[in-house]
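Engineer: Questions regarding the structure given below will be posed in turn.
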Amino acid sequence: MTTQTAAQRRQEARAEYDAFLAACPARNLLVTISDKWVSLLLTALADGPRRYSDLSRVVAGVSQKMLTQTLRSMERDGLVSRTVTASVPVRVDYALTDLGGDLLPLMRAIKDWAESHIEQVEAARAAYDARAAES
């Protein structure tokens, strides 16, 4: 058995990641970043740091509980940073990290695609539903 450096072991482990396998850490990350709230919050933070209340207003429909859970998950994964400023009331700001910034173009592209293709998708859904109703 040959001796490997830590960098060589990390590179070898990276090559072994396969998101099609249930136990793969990359698969768990895909589950996290494919969440609708994660993609909306990432794009909401694209223009710079925002307060919690700003994010709540910008991302319509997200409950306080879900917003808190999603932001904590994103912070844990290194996608956002949380800054608490001592004031009355306490000010909490969220900002994209470098890692979150790397993911942003992909998420923005998906959001833009969804917005520009929704009419086609709705037409396909209606056609499918009509065929299914005939069966």
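Residues in the structure tokens are named by chain (A, B, ... in the order shown) and by number from 1 within that chain; ligands are numbered from 1 in the order shown.
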Taking 5 positions as the minimum chain separation for residues in the same chain, which residues sit within 7 Å of Val84 of chain A when counting only C-alpha atoms? Answer as a VMD selection string.
Structural biologist: chain A and resid 91 to 93
Engineer: Residues near Thr83 of chain A, anyone? I mean within 12 Å using only C-alpha atoms, not counting same-chain ones fewer than 3 positions away, as number ranges by chain.
Structural biologist: A: 49-52, 75, 80, 86, 90-97
Engineer: Do you know which residues are at most 9 Å from segment 63-68 of chain A counting only C-alpha atoms, after dropping those on the same chain fewer than 6 positions away, and could you put them as a VMD selection string?
Structural biologist: chain A and resid 37 41 52 55 to 56
Engineer: Of the candidates A:Glu16, A:Glu115, A:Asp77, A:Asp54, which one gets nearest to Gly100 of chain A if we count only C-alpha atoms?
Structural biologist: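 Of all the options, A:Asp77 lies closest to Gly100 of chain A.
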Engineer: May I ask which of the residues A:Ser73, A:Val88, A:Val121, A:Val59 is the closest one to Val31 of chain A, counting only C-alpha atoms?
Structural biologist: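 Selected residue with least distance to Val31 of chain A: A:Ser73.
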Engineer: Can you tell me, as an NGL selection string, which residues in chain A count as helix (DSSP H, G or I) by DSSP?
Structural biologist: :A and (6-15 or 25-33 or 36-44 or 52-58 or 64-76 or 98-134)
Engineer: Take atom CA of Ile118 of chain A and atom CA of Leu106 of chain A and report the distance between them in Å, one decimal.
Structural biologist: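 Interatomic distance, atom CA of Ile118 of chain A to atom CA of Leu106 of chain A: 18.0 Å.
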Engineer: I need the residues of segment 39-115 of chain A that end up classed as strand (DSSP E or B) by DSSP on the backbone, written out as a list of chain:residue names.
Structural biologist: A:Arg50, A:Arg51, A:Val80, A:Ser81, A:Arg82, A:Thr83, A:Val84, A:Thr85, A:Arg91, A:Val92, A:Asp93, A:Tyr94, A:Ala95, A:Leu96
Engineer: Output N, CA, C and O atoms of each residue in that selection to a file, as a PDB file, in the first residue's frame.
Structural biologist:
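Written out: again.pdb:
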```
ATOM      1  N   ARG A  50     -29.290  41.327   3.145  1.00  0.00           N
ATOM      2  CA  ARG A  50     -30.666  41.721   3.456  1.00  0.00           C
ATOM      3  C   ARG A  50     -30.994  41.313   4.876  1.00  0.00           C
ATOM      4  O   ARG A  50     -30.506  40.304   5.368  1.00  0.00           O
ATOM      5  N   ARG A  51     -31.870  42.079   5.467  1.00  0.00           N
ATOM      6  CA  ARG A  51     -32.373  41.740   6.785  1.00  0.00           C
ATOM      7  C   ARG A  51     -33.386  40.619   6.659  1.00  0.00           C
ATOM      8  O   ARG A  51     -33.990  40.402   5.604  1.00  0.00           O
ATOM      9  N   VAL A  80     -24.665  31.060   2.989  1.00  0.00           N
ATOM     10  CA  VAL A  80     -24.937  32.408   3.466  1.00  0.00           C
ATOM     11  C   VAL A  80     -24.215  32.639   4.793  1.00  0.00           C
ATOM     12  O   VAL A  80     -23.901  31.692   5.518  1.00  0.00           O
ATOM     13  N   SER A  81     -23.971  33.900   5.077  1.00  0.00           N
ATOM     14  CA  SER A  81     -23.436  34.277   6.390  1.00  0.00           C
ATOM     15  C   SER A  81     -24.508  35.072   7.121  1.00  0.00           C
ATOM     16  O   SER A  81     -25.349  35.739   6.501  1.00  0.00           O
ATOM     17  N   ARG A  82     -24.467  34.982   8.420  1.00  0.00           N
ATOM     18  CA  ARG A  82     -25.448  35.659   9.277  1.00  0.00           C
ATOM     19  C   ARG A  82     -24.682  36.612  10.175  1.00  0.00           C
ATOM     20  O   ARG A  82     -23.748  36.214  10.866  1.00  0.00           O
ATOM     21  N   THR A  83     -25.085  37.877  10.151  1.00  0.00           N
ATOM     22  CA  THR A  83     -24.432  38.895  10.978  1.00  0.00           C
ATOM     23  C   THR A  83     -25.466  39.508  11.905  1.00  0.00           C
ATOM     24  O   THR A  83     -26.487  40.023  11.448  1.00  0.00           O
ATOM     25  N   VAL A  84     -25.172  39.442  13.206  1.00  0.00           N
ATOM     26  CA  VAL A  84     -26.060  40.012  14.215  1.00  0.00           C
ATOM     27  C   VAL A  84     -25.452  41.319  14.691  1.00  0.00           C
ATOM     28  O   VAL A  84     -24.293  41.370  15.100  1.00  0.00           O
ATOM     29  N   THR A  85     -26.243  42.391  14.640  1.00  0.00           N
ATOM     30  CA  THR A  85     -25.816  43.699  15.109  1.00  0.00           C
ATOM     31  C   THR A  85     -26.599  44.033  16.367  1.00  0.00           C
ATOM     32  O   THR A  85     -27.836  44.030  16.345  1.00  0.00           O
ATOM     33  N   ARG A  91     -30.582  43.536  15.063  1.00  0.00           N
ATOM     34  CA  ARG A  91     -30.581  43.498  13.591  1.00  0.00           C
ATOM     35  C   ARG A  91     -29.821  42.258  13.140  1.00  0.00           C
ATOM     36  O   ARG A  91     -28.689  42.017  13.558  1.00  0.00           O
ATOM     37  N   VAL A  92     -30.451  41.476  12.258  1.00  0.00           N
ATOM     38  CA  VAL A  92     -29.825  40.278  11.700  1.00  0.00           C
ATOM     39  C   VAL A  92     -29.804  40.422  10.189  1.00  0.00           C
ATOM     40  O   VAL A  92     -30.851  40.600   9.560  1.00  0.00           O
ATOM     41  N   ASP A  93     -28.606  40.366   9.615  1.00  0.00           N
ATOM     42  CA  ASP A  93     -28.438  40.465   8.168  1.00  0.00           C
ATOM     43  C   ASP A  93     -27.906  39.150   7.626  1.00  0.00           C
ATOM     44  O   ASP A  93     -27.089  38.477   8.272  1.00  0.00           O
ATOM     45  N   TYR A  94     -28.350  38.809   6.428  1.00  0.00           N
ATOM     46  CA  TYR A  94     -27.878  37.615   5.727  1.00  0.00           C
ATOM     47  C   TYR A  94     -27.248  38.059   4.416  1.00  0.00           C
ATOM     48  O   TYR A  94     -27.743  38.974   3.751  1.00  0.00           O
ATOM     49  N   ALA A  95     -26.151  37.400   4.064  1.00  0.00           N
ATOM     50  CA  ALA A  95     -25.441  37.716   2.823  1.00  0.00           C
ATOM     51  C   ALA A  95     -24.912  36.427   2.217  1.00  0.00           C
ATOM     52  O   ALA A  95     -24.657  35.446   2.925  1.00  0.00           O
ATOM     53  N   LEU A  96     -24.753  36.432   0.903  1.00  0.00           N
ATOM     54  CA  LEU A  96     -24.153  35.282   0.233  1.00  0.00           C
ATOM     55  C   LEU A  96     -22.674  35.199   0.587  1.00  0.00           C
ATOM     56  O   LEU A  96     -21.984  36.212   0.640  1.00  0.00           O
TER      57      LEU A  96
END
```
Engineer: Any idea what's packed within 9 Å of Thr43 of chain A, counting only C-alpha atoms, ignoring anything in its chain fewer than 3 positions away? Could you give it as a list in words?
Structural biologist: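 Here the answer would be Val38, Ser39, Leu40, Ala46, Asp47, Leu104, Pro105, Met107, Arg108 and Lys111 of chain A.
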Engineer: Which distance in Å separates atom CA of Ile33 of chain A and atom CA of Gly78 of chain A, to one decimal?
Structural biologist: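 So the answer is 11.8 Å.
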Engineer: I'd like the interatomic distance between atom CA of Arg57 of chain A and atom CA of Leu45 of chain A, to a tenth of an Å.
Structural biologist: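 Taking atom CA of Arg57 of chain A as the start and atom CA of Leu45 of chain A as the end point, the length is 12.6 Å.
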Engineer: Using only C-alpha atoms, can you tell me which of A:Ala123, A:Ala44, A:Ala114, A:Leu103 comes closest to Leu30 of chain A?
Structural biologist: A:Leu103
